[in-house]
Every structure is written in C-alpha cells, then in structure tokens.
file entry.cif (mmCIF, C-alpha atoms)
data_model
loop_
_atom_site.label_atom_id
_atom_site.label_comp_id
_atom_site.auth_asym_id
_atom_site.auth_seq_id
_atom_site.Cartn_x
_atom_site.Cartn_y
_atom_site.Cartn_z
CA MET C 1 106.90 -96.34 56.35
CA ILE C 2 107.93 -92.68 56.84
CA ALA C 3 104.48 -91.46 57.89
CA ARG C 4 104.47 -93.75 60.91
CA ASP C 5 107.50 -91.97 62.42
CA LEU C 6 107.65 -88.67 60.54
CA PRO C 7 108.80 -86.51 63.52
CA LEU C 8 111.63 -88.96 64.24
CA PHE C 9 112.82 -88.93 60.62
CA LEU C 10 112.74 -85.13 60.53
CA LEU C 11 114.74 -84.91 63.75
CA LEU C 12 117.32 -87.34 62.43
CA ILE C 13 117.78 -85.06 59.42
CA LEU C 14 117.63 -81.65 61.12
CA LEU C 15 119.67 -82.22 64.29
CA PRO C 16 123.08 -82.94 62.70
CA TYR C 17 122.80 -79.85 60.50
CA LEU C 18 121.79 -77.76 63.49
CA TYR C 19 124.78 -79.05 65.46
CA ILE C 20 127.23 -78.32 62.64
CA ASP C 21 125.73 -74.88 62.05
CA LEU C 22 125.98 -73.87 65.71
CA ARG C 23 129.39 -75.48 66.18
CA TYR C 24 131.19 -74.30 63.06
CA PHE C 25 129.17 -71.63 61.18
CA HIS C 26 127.10 -69.42 63.45
CA ARG C 27 129.94 -66.93 64.17
CA LYS C 28 130.99 -66.61 60.56
CA LYS C 29 129.77 -63.78 58.38
CA ALA C 30 129.81 -65.86 55.18
CA TRP C 31 126.03 -66.28 55.09
CA TRP C 32 126.20 -68.03 51.73
CA LYS C 33 128.14 -70.89 53.33
CA ARG C 34 125.32 -71.41 55.81
CA ILE C 35 122.82 -71.44 52.94
CA LEU C 36 124.88 -74.08 51.17
CA LEU C 37 124.98 -76.08 54.40
CA TRP C 38 121.22 -75.99 54.90
CA LEU C 39 120.13 -76.58 51.28
CA PRO C 40 120.62 -80.39 51.33
CA CYS C 41 118.98 -80.54 54.76
CA LEU C 42 115.88 -78.72 53.56
CA ALA C 43 115.77 -80.87 50.42
CA MET C 44 115.93 -84.06 52.51
CA ALA C 45 113.26 -82.74 54.87
CA ALA C 46 110.97 -81.96 51.92
CA TYR C 47 111.66 -85.43 50.47
CA THR C 48 110.73 -86.94 53.85
CA VAL C 49 107.46 -85.03 54.05
CA TYR C 50 106.62 -86.08 50.48
CA LEU C 51 107.15 -89.77 51.29
CA ALA C 52 105.01 -89.39 54.40
CA GLN C 53 102.08 -88.31 52.22
CA LEU C 54 102.08 -91.53 50.19
CA PRO C 55 99.06 -93.65 51.12
CA ASN C 56 100.84 -96.98 51.37
CA PHE C 57 103.30 -98.05 54.07
CA ILE C 58 105.61 -99.09 51.22
CA PRO C 59 105.26 -97.52 47.74
CA ASP C 60 104.00 -99.64 44.84
CA ASN C 61 106.70 -101.36 42.81
CA ASP C 62 106.44 -98.80 40.03
CA ARG C 63 107.33 -96.09 42.57
CA ILE C 64 109.40 -97.99 45.10
CA PHE C 65 112.56 -96.52 43.56
CA ILE C 66 111.70 -93.23 45.30
CA LEU C 67 111.97 -95.03 48.66
CA TYR C 68 115.22 -96.72 47.61
CA ALA C 69 116.65 -93.36 46.52
CA TYR C 70 115.58 -91.76 49.80
CA LEU C 71 117.19 -94.43 51.97
CA PHE C 72 120.32 -94.31 49.83
CA LEU C 73 120.58 -90.54 50.37
CA VAL C 74 120.02 -90.96 54.11
CA ALA C 75 122.92 -93.43 54.21
CA LEU C 76 125.05 -91.25 51.94
CA ILE C 77 124.53 -87.94 53.77
CA ILE C 78 122.74 -88.20 57.11
CA ILE C 79 124.40 -91.26 58.63
CA PRO C 80 127.95 -89.94 57.96
CA LEU C 81 126.98 -86.66 59.63
CA TRP C 82 125.71 -88.49 62.70
CA THR C 83 128.85 -90.64 62.75
CA PHE C 84 131.07 -87.57 62.66
CA ILE C 85 129.05 -85.79 65.38
CA LEU C 86 129.07 -88.79 67.73
CA CYS C 87 132.81 -89.25 67.28
CA SER C 88 133.33 -85.52 67.86
CA LEU C 89 131.23 -85.49 71.03
CA ILE C 90 132.91 -88.59 72.44
CA GLY C 91 136.33 -87.19 71.55
CA LYS C 92 135.48 -83.88 73.20
CA GLY C 93 134.41 -85.65 76.38
CA ILE C 94 137.59 -87.74 76.48
CA SER C 95 139.82 -84.71 75.83
CA LYS C 96 138.17 -82.76 78.67
CA LEU C 97 138.57 -85.72 81.02
CA PHE C 98 142.22 -86.09 80.01
CA HIS C 99 142.75 -82.32 80.45
CA ARG C 100 141.40 -82.52 83.99
CA PHE C 101 144.28 -84.82 84.96
CA HIS C 102 146.84 -83.08 82.74
CA PRO C 103 145.82 -79.38 82.75
CA THR C 104 149.08 -78.21 81.20
CA ARG C 105 148.43 -80.06 77.97
CA PRO C 106 146.26 -78.39 75.31
CA LEU C 107 142.78 -79.68 74.56
CA ARG C 108 142.80 -81.77 71.39
CA ASN C 109 139.70 -83.45 70.07
CA TYR C 110 140.90 -86.46 68.11
CA GLY C 111 137.27 -87.47 67.77
CA ASN C 112 136.95 -85.01 64.88
CA LEU C 113 139.71 -86.84 62.98
CA LEU C 114 138.14 -90.20 63.76
CA GLY C 115 134.77 -88.86 62.62
CA LEU C 116 136.21 -87.69 59.31
CA LEU C 117 137.90 -91.05 58.77
CA SER C 118 134.63 -92.86 59.51
CA ILE C 119 132.81 -91.14 56.64
CA PRO C 120 134.52 -93.10 53.82
CA CYS C 121 133.94 -96.27 55.88
CA VAL C 122 130.20 -95.57 55.94
CA TRP C 123 130.25 -94.88 52.21
CA PHE C 124 132.12 -98.13 51.55
CA ILE C 125 129.50 -100.09 53.50
CA LEU C 126 126.72 -98.33 51.61
CA PHE C 127 128.10 -98.93 48.12
CA TRP C 128 129.34 -102.46 48.80
CA GLY C 129 126.10 -103.52 50.46
CA SER C 130 123.96 -102.02 47.69
CA PHE C 131 125.87 -103.06 44.60
CA VAL C 132 127.87 -106.13 45.66
CA GLY C 133 126.63 -107.58 48.95
CA PHE C 134 122.98 -107.85 47.89
CA ASN C 135 123.99 -109.95 44.89
CA LYS C 136 126.04 -112.46 46.87
CA LEU C 137 124.76 -115.89 47.91
CA GLU C 138 125.96 -118.22 50.64
CA VAL C 139 125.19 -121.93 50.76
CA ARG C 140 125.12 -122.73 54.47
CA HIS C 141 125.35 -126.31 55.74
CA THR C 142 124.09 -127.37 59.16
CA GLU C 143 122.86 -130.51 60.93
CA PHE C 144 120.23 -131.42 63.48
CA VAL C 145 120.27 -134.51 65.67
CA SER C 146 117.21 -135.85 67.49
CA ALA C 147 116.54 -139.21 69.08
CA ASP C 148 112.87 -138.69 68.11
CA LEU C 149 113.72 -138.78 64.40
CA PRO C 150 112.88 -142.20 62.87
CA GLU C 151 115.97 -143.99 61.56
CA ALA C 152 114.38 -144.14 58.11
CA PHE C 153 114.88 -140.36 57.96
CA ASP C 154 118.51 -140.38 59.09
CA GLY C 155 120.39 -138.27 56.55
CA TYR C 156 117.21 -136.56 55.30
CA ARG C 157 118.23 -133.35 53.49
CA ILE C 158 116.14 -130.19 53.62
CA VAL C 159 116.86 -126.93 51.82
CA LEU C 160 115.55 -123.92 53.73
CA PHE C 161 115.16 -120.50 52.20
CA SER C 162 113.15 -117.51 53.35
CA ASP C 163 112.36 -113.84 52.78
CA ALA C 164 112.77 -113.92 49.00
CA HIS C 165 111.01 -110.54 48.59
CA VAL C 166 110.84 -111.20 44.85
CA GLY C 167 109.51 -107.70 44.17
CA SER C 168 113.09 -106.48 44.70
CA TYR C 169 114.29 -108.52 41.71
CA MET C 170 113.79 -106.57 38.51
CA SER C 171 115.18 -106.94 35.01
CA HIS C 172 118.69 -105.85 36.00
CA ASN C 173 119.07 -108.30 38.91
CA SER C 174 116.58 -111.12 38.28
CA TRP C 175 119.60 -113.37 37.73
CA VAL C 176 120.17 -113.30 41.51
CA LEU C 177 116.88 -115.10 42.12
CA GLN C 178 117.54 -117.50 39.24
CA ARG C 179 120.94 -118.37 40.70
CA ALA C 180 119.39 -119.09 44.11
CA VAL C 181 116.78 -121.41 42.58
CA ASP C 182 119.46 -123.20 40.54
CA SER C 183 121.57 -123.61 43.69
CA ILE C 184 118.63 -125.08 45.60
CA ASN C 185 117.83 -127.56 42.84
CA ALA C 186 121.50 -128.53 42.55
CA GLN C 187 121.36 -129.88 46.10
CA GLN C 188 118.82 -132.53 44.99
CA PRO C 189 117.09 -132.22 48.37
CA ASP C 190 114.50 -134.51 49.89
CA MET C 191 112.42 -131.44 50.77
CA ILE C 192 112.44 -127.69 50.17
CA VAL C 193 110.89 -125.37 52.75
CA PHE C 194 110.17 -121.66 52.46
CA THR C 195 109.39 -119.70 55.62
CA GLY C 196 107.58 -116.66 54.28
CA ASP C 197 107.78 -113.18 52.74
CA LEU C 198 107.63 -114.21 49.11
CA GLN C 199 106.41 -110.78 48.00
CA ASN C 200 107.24 -107.23 49.00
CA ILE C 201 103.77 -105.76 49.39
CA GLN C 202 101.28 -107.31 46.98
CA PRO C 203 100.77 -110.39 44.79
CA LYS C 204 101.68 -108.65 41.55
CA ASP C 205 105.30 -108.80 42.77
CA ILE C 206 105.20 -112.56 42.19
CA TYR C 207 103.92 -112.79 38.61
CA PRO C 208 107.21 -111.95 36.80
CA HIS C 209 108.95 -114.77 38.69
CA MET C 210 106.39 -117.57 38.42
CA ASP C 211 108.43 -119.62 35.94
CA VAL C 212 111.59 -119.43 38.03
CA LEU C 213 109.87 -120.25 41.34
CA SER C 214 107.82 -123.09 39.89
CA SER C 215 111.04 -124.82 38.78
CA LEU C 216 111.95 -125.67 42.39
CA LYS C 217 111.93 -129.47 42.76
CA ALA C 218 112.45 -131.87 45.66
CA ASN C 219 111.64 -135.54 46.25
CA ASP C 220 108.92 -134.78 48.80
CA GLY C 221 107.96 -131.37 47.42
CA VAL C 222 108.14 -127.71 48.40
CA PHE C 223 106.40 -126.59 51.61
CA SER C 224 105.79 -122.97 52.60
CA VAL C 225 104.15 -120.61 55.07
CA LEU C 226 103.14 -116.97 54.82
CA GLY C 227 105.23 -114.11 56.18
CA ASN C 228 104.06 -110.70 57.38
CA HIS C 229 104.56 -109.17 53.90
CA ASP C 230 102.42 -111.88 52.29
CA TYR C 231 99.19 -110.66 53.92
CA ALA C 232 99.07 -107.39 51.94
CA GLU C 233 98.85 -105.47 55.23
CA TYR C 234 101.10 -102.66 54.03
CA MET C 235 98.74 -101.28 51.39
CA ASP C 236 96.20 -98.54 52.02
CA TYR C 237 93.25 -100.76 51.12
CA ASP C 238 90.05 -101.65 52.92
CA GLU C 239 89.85 -105.03 54.64
CA ALA C 240 87.98 -106.64 51.74
CA MET C 241 90.74 -105.69 49.30
CA LYS C 242 93.46 -106.85 51.68
CA THR C 243 91.69 -110.18 52.05
CA ALA C 244 91.38 -110.52 48.28
CA ASN C 245 95.10 -109.76 47.83
CA CYS C 246 96.05 -112.33 50.46
CA ARG C 247 93.89 -114.95 48.76
CA GLU C 248 95.60 -114.15 45.47
CA THR C 249 99.02 -114.67 47.08
CA VAL C 250 97.86 -118.00 48.51
CA SER C 251 96.58 -119.02 45.09
CA LEU C 252 99.84 -118.06 43.40
CA GLU C 253 101.95 -120.08 45.83
CA ARG C 254 99.78 -123.11 45.17
CA GLN C 255 100.02 -122.53 41.42
CA LEU C 256 103.79 -122.76 41.85
CA GLY C 257 103.24 -126.35 42.96
CA TRP C 258 104.12 -125.55 46.55
CA THR C 259 102.23 -126.96 49.53
CA LEU C 260 101.26 -123.86 51.49
CA LEU C 261 100.50 -124.70 55.11
CA LEU C 262 98.02 -122.40 56.86
CA ASN C 263 97.89 -123.58 60.48
CA GLU C 264 97.99 -127.18 59.26
CA HIS C 265 100.37 -130.10 58.76
CA CYS C 266 101.26 -132.94 56.42
CA THR C 267 102.79 -136.37 56.93
CA ILE C 268 105.95 -137.46 55.11
CA GLU C 269 106.49 -141.21 54.96
CA ARG C 270 109.54 -143.42 54.55
CA ASP C 271 108.85 -147.16 54.58
CA THR C 272 106.72 -147.64 57.71
CA ALA C 273 108.00 -144.48 59.46
CA HIS C 274 106.87 -140.90 59.16
CA ILE C 275 107.58 -137.32 60.23
CA ILE C 276 105.28 -134.31 60.43
CA ILE C 277 105.87 -131.12 58.48
CA ALA C 278 103.75 -128.39 60.07
CA GLY C 279 103.20 -124.78 59.06
CA MET C 280 101.87 -122.10 61.39
CA GLU C 281 100.65 -118.78 60.01
CA ASN C 282 102.68 -115.66 60.75
CA ASP C 283 102.59 -114.95 64.47
CA GLY C 284 104.12 -111.56 65.18
CA ASP C 285 103.39 -108.96 67.82
CA GLY C 286 99.86 -108.30 66.56
CA LYS C 287 100.67 -104.61 65.99
CA ARG C 288 103.27 -104.14 63.26
CA PHE C 289 103.22 -107.82 62.31
CA PRO C 290 100.13 -110.03 61.85
CA GLN C 291 99.41 -112.46 64.68
CA LYS C 292 97.51 -115.32 63.07
CA GLY C 293 99.32 -118.43 64.35
CA ASP C 294 97.34 -121.20 66.02
CA VAL C 295 99.68 -123.92 67.20
CA GLY C 296 96.82 -126.08 68.51
CA LYS C 297 95.07 -126.08 65.14
CA THR C 298 98.37 -126.58 63.33
CA LEU C 299 99.22 -129.77 65.25
CA GLU C 300 95.70 -131.07 65.74
CA GLY C 301 95.68 -134.84 65.25
CA THR C 302 99.40 -135.43 65.68
CA ALA C 303 100.41 -138.25 68.01
CA ASP C 304 102.73 -138.35 71.01
CA GLY C 305 106.23 -139.21 69.87
CA ASP C 306 105.84 -137.79 66.36
CA PHE C 307 108.86 -135.95 65.06
CA ILE C 308 107.51 -132.50 64.16
CA LEU C 309 109.25 -130.00 61.92
CA MET C 310 107.51 -126.66 62.38
CA LEU C 311 107.65 -123.83 59.85
CA GLU C 312 106.94 -120.33 61.13
CA HIS C 313 107.96 -116.98 59.69
CA ASP C 314 108.46 -114.92 62.85
CA PRO C 315 110.93 -116.45 65.38
CA SER C 316 109.33 -114.55 68.26
CA ALA C 317 106.49 -117.10 68.03
CA TRP C 318 108.87 -119.81 69.23
CA GLN C 319 109.02 -118.43 72.79
CA ARG C 320 105.43 -117.22 72.72
CA LYS C 321 103.57 -120.28 71.43
CA ILE C 322 105.73 -123.13 70.16
CA ILE C 323 107.81 -123.79 73.29
CA PRO C 324 104.78 -123.71 75.62
CA ASP C 325 103.03 -126.21 73.34
CA GLY C 326 106.05 -128.50 73.67
CA ARG C 327 105.48 -130.82 70.70
CA SER C 328 107.78 -129.47 67.98
CA GLN C 329 111.33 -130.75 68.17
CA LEU C 330 112.55 -128.41 65.42
CA THR C 331 111.28 -125.03 64.26
CA LEU C 332 112.56 -123.17 61.19
CA CYS C 333 112.07 -119.41 60.83
CA GLY C 334 113.21 -116.34 58.89
CA HIS C 335 111.91 -112.76 59.14
CA THR C 336 114.91 -111.04 60.78
CA HIS C 337 117.24 -111.01 57.73
CA ASN C 338 119.96 -110.88 60.41
CA MET C 339 119.37 -107.12 60.02
CA GLN C 340 121.03 -107.37 56.57
CA PHE C 341 124.06 -105.92 58.32
CA ALA C 342 126.84 -107.59 60.31
CA LEU C 343 130.47 -106.84 61.15
CA PHE C 344 132.75 -109.87 61.41
CA GLY C 345 129.73 -112.09 61.93
CA TRP C 346 128.14 -109.90 64.63
CA SER C 347 124.85 -108.14 63.97
CA PRO C 348 123.70 -105.22 66.17
CA LEU C 349 120.25 -106.84 66.15
CA SER C 350 121.60 -109.49 68.50
CA LEU C 351 121.65 -106.84 71.25
CA SER C 352 117.85 -107.15 71.33
CA GLY C 353 118.23 -110.48 73.14
CA LYS C 354 115.81 -112.07 70.68
CA GLU C 355 116.34 -114.98 68.32
CA VAL C 356 117.80 -113.35 65.21
CA ASN C 357 120.13 -115.80 63.43
CA GLY C 358 121.36 -119.37 63.75
CA TRP C 359 120.60 -122.02 66.36
CA TYR C 360 118.69 -121.67 69.65
CA ARG C 361 117.73 -124.44 72.07
CA GLU C 362 115.30 -124.72 74.95
CA GLY C 363 115.15 -128.15 76.56
CA SER C 364 114.27 -130.70 73.89
CA GLN C 365 113.16 -128.04 71.40
CA SER C 366 115.36 -126.28 68.87
CA LEU C 367 114.99 -123.27 66.61
CA PHE C 368 116.97 -122.29 63.53
CA VAL C 369 116.64 -118.77 62.13
CA THR C 370 117.95 -118.13 58.63
CA ALA C 371 119.29 -114.77 57.49
CA GLY C 372 117.03 -115.13 54.45
CA LEU C 373 117.65 -114.68 50.76
CA GLY C 374 116.71 -111.13 49.72
CA GLY C 375 115.10 -108.09 51.25
CA LEU C 376 112.63 -105.31 50.66
CA ILE C 377 115.61 -102.93 50.64
CA PRO C 378 118.30 -104.21 48.21
CA PHE C 379 121.21 -104.00 50.65
CA ARG C 380 123.27 -106.58 52.54
CA PHE C 381 126.60 -106.12 54.26
CA GLY C 382 128.09 -109.02 56.20
CA ALA C 383 124.69 -110.72 56.52
CA THR C 384 124.83 -112.41 53.13
CA GLY C 385 121.70 -113.83 51.56
CA GLU C 386 121.64 -117.58 51.99
CA ILE C 387 120.08 -120.93 51.35
CA VAL C 388 120.50 -123.47 54.14
CA ILE C 389 121.19 -127.18 53.66
CA LEU C 390 119.85 -128.89 56.79
CA THR C 391 120.61 -132.58 57.30
CA LEU C 392 118.60 -134.52 59.89
CA HIS C 393 120.16 -137.31 61.95
CA SER C 394 118.56 -139.74 64.37
CA HIS C 395 121.74 -140.22 66.47
#
call {"tool": "encode", "arguments": {"input": "entry.cif", "output": "structure tokens"}}
result
Amino acid sequence: MIARDLPLFLLLILLPYLYIDLRYFHRKKAWWKRILLWLPCLAMAAYTVYLAQLPNFIPDNDRIFILYAYLFLVALIIIPLWTFILCSLIGKGISKLFHRFHPTRPLRNYGNLLGLLSIPCVWFILFWGSFVGFNKLEVRHTEFVSADLPEAFDGYRIVLFSDAHVGSYMSHNSWVLQRAVDSINAQQPDMIVFTGDLQNIQPKDIYPHMDVLSSLKANDGVFSVLGNHDYAEYMDYDEAMKTANCRETVSLERQLGWTLLLNEHCTIERDTAHIIIAGMENDGDGKRFPQKGDVGKTLEGTADGDFILMLEHDPSAWQRKIIPDGRSQLTLCGHTHNMQFALFGWSPLSLSGKEVNGWYREGSQSLFVTAGLGGLIPFRFGATGEIVILTLHSH
C-alpha cells in the first residue's frame, strides 16, 4: 500500500514539519527545540520507508497491526498538522485581503486559532471512529418498485450486506460480526445477498468465522459475488499462487452454503412466476481493481421481460457494462464503504461524481450502493456499517 506511493507519503509527512520549522523555529537559537520538533517526523518517515519494504500490498493478518498503528499515527499527528497549516494559510490570506481595504487595522491571523481548535476535532473523529463508530451497526430499510416484477414477488424481502472484511474481526471484536449475522437472520428474509469483499487479503481470513457465516439463513438462500479483495491480488505471490488462493476463497464461500455466482445466474420461482438473480464478477478499472465481469455471459439464456436482480461488487461497472446491456432492472453493489467517513450524511467521496452510496437511476434501470458492513481499516465515522432490508414491490 505504501510502496505504491512512497514519495507522496513522505511528502505528506515532511512538508508540514518543514513549514512549521521555517515559520516558527528557524530564527530561534534553541536548537534542541528544533530537534524535538523533527524527531517525530523522522520517526514517521522511517516507519513509512519500513512499510514500503514489505512485499505485500497489505501486510499479513499477523502483522497488519503495524499498518493499523501507522495509519493511526498519521491521523493522530500528521493530519492535525496539515489541518492547522491549511487554516493558518487561509487565515493569513484573508487577513491580508482585509488589511488591503482597512490598512489602519493590524494584521491578525485568526486562522491560527481556528487551526488549533480543529486539532481536538480531528482527534475526536479519530478516536470515535476507531473505538466506537466501527462497532456500530445500522439496519437500513428501503424499497424498490418495478412494473416488471411479477406480482407473486410483491413484498419480497432481501437483506443486502457487503464488504464484511472478516479479517478485521479478531478475538476482541468478533462480536461485531456475530451481531450483524444475528440481525440479518432476525429479519427472516426471503433472500440474503452479499456483494463481495468477504476477506481482507487471503482466504485464511475466513476460517475463524466459518461457523458464524454459515449460520446465515433465508428462504431462498444466500447468494454472493466476489469483490476485489477476494481475488488475492494484494499478495506478493506468483499468478499460480494467486489463482490457488482465489479458488480456496471460492471453495470456502460454497462451504458456507452460499450460492456464489461467477458471471452466472439462477432462477427463483414463486408459483408460476420467477425472477432472475444474477452475479457478475468484480469489474473494476482493470488496474487497481480486477476487471473480470462479463455481463453477456452472466445473463446468457435469460428471456425478454425477465425481472433481473444483478449483484456486482464495484458500482463503476453499472455505467460501464450493466446500463449499456439494458436488461437488469436492479443492480446491488458495495465496494465504496461510503468512504467510511461522512459529516451530517455527506461524504467527501461524493465529490468524485461517481456512484458511492444509496440510490441511482438511469431510465428503467436502478442501482443501490450500500455503505457496507466492515472495512480493511477498522474505522468508521458517520458512514456507519449497515445491513440493508430491501423490499420489492410490483406497483
């Protein structure tokens, strides 16, 4: 993770210290104060270089705590420094502009005060998101209406969950996953669907949670697709080993009693009516995220007029492949986690203009993106982990 953008990480660490040194310390003779200033910077830089030498994109579970600790320190030290500096620079610019129109008044940079006040706010977000927010669960209810849905399926209840990242649940917080599974089962759904990223980086993440995950029950079963993390792409293995790991993940999901859909579909029947539950493999950008989706293969053999519920991990595939195909009335996705950060319901990720959370519609086709359940990084603030109760209606 760090090795991919090592120069950027080093700049993010070094620049705020350089700014503070030049702005507040360079004219002072107390050299020991400057040493004290630079010691944490050099320690963080060394930590960054160390992480960049690790062979895997994400450390193994027995060493992933070193990544968690690093990111925690970045949020504890580096982000507050950047917040203070940005506030200071903005305040300085505003004070100079104000002084231009009122030259008799002294220059006062209130941005420094605002920057200092922002530091405890950043720390509150960090500690709340890490130790409280990640353990919270929201049960979200929503509905979907389609004239193409057979009346026999009116009121059909689906529980959607995604991005479990079960490798993040260890002995101290495994109860969070157990609570989510209990909440899903308590809904007594007609169907449970999971839209990918069951593991963090490799299939061994799943083994400690097999009993809990296999207890998921629904009238028509549990259906799933693979997410980008489920392909074992983030390990420094050769292609044969990556393929073997992916096959092991596939096998484990099927051992759970789930119906894993790999560019394929199934038919769900009620009386003489039916709907299609389809699952397309992860279809990302083909660079950072695997691009393996084949919508034609997934829907091969379906008939005109079928109501099709499509499962896909990456919502970017909706614009790229699912909408042009035109056959899926409803697509369910995850992947974005709603950035695991939102303020008053707004996530900065929405500025990307992409589909990141909630409902999206294009003509007769609709997409719902869930914020997901967990995360590789155990942190959530405002973007609470969720399970979604989706009720289908024919009118």
call {"tool": "resolve_selection", "arguments": {"input": "entry.cif", "expression": "the PyMOL selection byres ((chain C and resi 51-67) around 6)", "output": "list in words"}}
result
Met1, Ile2, Ala3, Thr48, Val49, Tyr50, Tyr68, Ala69, Tyr70, Tyr234, Met235 and Asp236 of chain C
call {"tool": "resolve_selection", "arguments": {"input": "entry.cif", "expression": "the PyMOL selection byres ((chain C and resi 112) around 8)", "output": "list in words"}}
result
Phe84, Ile85, Cys87, Ser88, Gly91, Asn109, Tyr110, Gly111, Leu113, Leu114, Gly115 and Leu116 of chain C
call {"tool": "resolve_selection", "arguments": {"input": "entry.cif", "expression": "the PyMOL selection byres ((chain C and resi 74-82) around 8)", "output": "list in words"}}
result
Leu12, Ile13, Pro16, Tyr70, Leu71, Phe72, Leu73, Thr83, Phe84, Ile85, Leu86, Ser118, Ile119, Val122, Trp123 and Leu126 of chain C
call {"tool": "atom_distance", "arguments": {"input": "entry.cif", "atom1": "CA of Leu332 in chain C", "atom2": "CA of Gly221 in chain C"}}
result
16.7 Å
call {"tool": "closest_residue", "arguments": {"input": "entry.cif", "among": "C:Ala147, C:Leu160, C:Ala317, C:Leu262", "to": "Val193 in chain C", "atoms": "only C-alpha atoms"}}
result
C:Leu160
call {"tool": "atom_distance", "arguments": {"input": "entry.cif", "atom1": "CA of Gly196 in chain C", "atom2": "CA of Arg327 in chain C"}}
result
21.8 Å
call {"tool": "closest_residue", "arguments": {"input": "entry.cif", "among": "C:Glu300, C:Glu138, C:Asp148, C:Asp190", "to": "Ser364 in chain C", "atoms": "only C-alpha atoms"}}
result
C:Asp148
call {"tool": "closest_residue", "arguments": {"input": "entry.cif", "among": "C:Tyr169, C:Leu18, C:Pro150, C:Asp182", "to": "Pro208 in chain C", "atoms": "all atoms listed in the file"}}
result
C:Tyr169
call {"tool": "closest_residue", "arguments": {"input": "entry.cif", "among": "C:Met191, C:Leu22, C:Ala152, C:Leu14", "to": "Arg270 in chain C", "atoms": "all atoms listed in the file"}}
result
C:Ala152
call {"tool": "closest_residue", "arguments": {"input": "entry.cif", "among": "C:Asn173, C:Gln188, C:Ser95, C:Asn357", "to": "Ser316 in chain C", "atoms": "all atoms listed in the file"}}
result
C:Asn357
call {"tool": "residues_around", "arguments": {"input": "entry.cif", "residues": "range 248-252 of chain C", "least_positions_apart": "3", "cutoff": "10 Å", "atoms": "only C-alpha atoms", "output": "list in words"}}
result
Leu198, Gln199, Gln202, Pro203, Lys204, Asp205, Ile206, Tyr207, Met210, Val225, Leu226, Asp230, Tyr231, Ala232, Lys242, Thr243, Ala244, Asn245, Gln255, Leu256, Gly257, Trp258, Leu260, Leu261 and Leu262 of chain C
call {"tool": "atom_distance", "arguments": {"input": "entry.cif", "atom1": "CA of Phe344 in chain C", "atom2": "CA of Phe144 in chain C"}}
result
25.0 Å
call {"tool": "closest_residue", "arguments": {"input": "entry.cif", "among": "C:Phe25, C:Gly374, C:Leu137, C:Val388", "to": "Ile192 in chain C", "atoms": "all atoms listed in the file"}}
result
C:Val388
call {"tool": "build_atoms", "arguments": {"input": "entry.cif", "residues": "range 298-310 of chain C", "atoms": "N, CA, C and O atoms", "output": "tab-separated table (two decimals), in the frame of the given file"}}
result
chain	number	residue	atom	x	y	z
C	298	THR	N	97.31	-126.11	64.21
C	298	THR	CA	98.37	-126.58	63.33
C	298	THR	C	98.73	-128.03	63.61
C	298	THR	O	98.96	-128.81	62.68
C	299	LEU	N	98.78	-128.42	64.87
C	299	LEU	CA	99.22	-129.77	65.25
C	299	LEU	C	98.07	-130.68	65.66
C	299	LEU	O	98.30	-131.76	66.21
C	300	GLU	N	96.87	-130.25	65.37
C	300	GLU	CA	95.70	-131.07	65.74
C	300	GLU	C	95.78	-132.43	65.04
C	300	GLU	O	95.96	-132.52	63.82
C	301	GLY	N	95.67	-133.50	65.81
C	301	GLY	CA	95.68	-134.84	65.25
C	301	GLY	C	97.03	-135.51	65.23
C	301	GLY	O	97.13	-136.69	64.87
C	302	THR	N	98.09	-134.79	65.60
C	302	THR	CA	99.40	-135.43	65.68
C	302	THR	C	99.46	-136.29	66.94
C	302	THR	O	98.74	-136.06	67.91
C	303	ALA	N	100.34	-137.28	66.90
C	303	ALA	CA	100.41	-138.25	68.01
C	303	ALA	C	101.64	-137.99	68.88
C	303	ALA	O	102.63	-137.39	68.43
C	304	ASP	N	101.57	-138.42	70.12
C	304	ASP	CA	102.73	-138.35	71.01
C	304	ASP	C	103.89	-139.12	70.38
C	304	ASP	O	103.70	-140.23	69.88
C	305	GLY	N	105.06	-138.54	70.42
C	305	GLY	CA	106.23	-139.21	69.87
C	305	GLY	C	106.51	-138.89	68.41
C	305	GLY	O	107.56	-139.27	67.89
C	306	ASP	N	105.58	-138.19	67.74
C	306	ASP	CA	105.84	-137.79	66.36
C	306	ASP	C	107.01	-136.80	66.32
C	306	ASP	O	107.13	-135.93	67.19
C	307	PHE	N	107.84	-136.97	65.30
C	307	PHE	CA	108.86	-135.95	65.06
C	307	PHE	C	108.20	-134.85	64.24
C	307	PHE	O	107.70	-135.08	63.14
C	308	ILE	N	108.22	-133.62	64.79
C	308	ILE	CA	107.51	-132.50	64.16
C	308	ILE	C	108.49	-131.42	63.75
C	308	ILE	O	109.25	-130.89	64.58
C	309	LEU	N	108.49	-131.11	62.47
C	309	LEU	CA	109.25	-130.00	61.92
C	309	LEU	C	108.27	-128.85	61.68
C	309	LEU	O	107.38	-128.95	60.85
C	310	MET	N	108.43	-127.79	62.44
C	310	MET	CA	107.51	-126.66	62.38
C	310	MET	C	108.09	-125.53	61.54
C	310	MET	O	109.24	-125.13	61.72
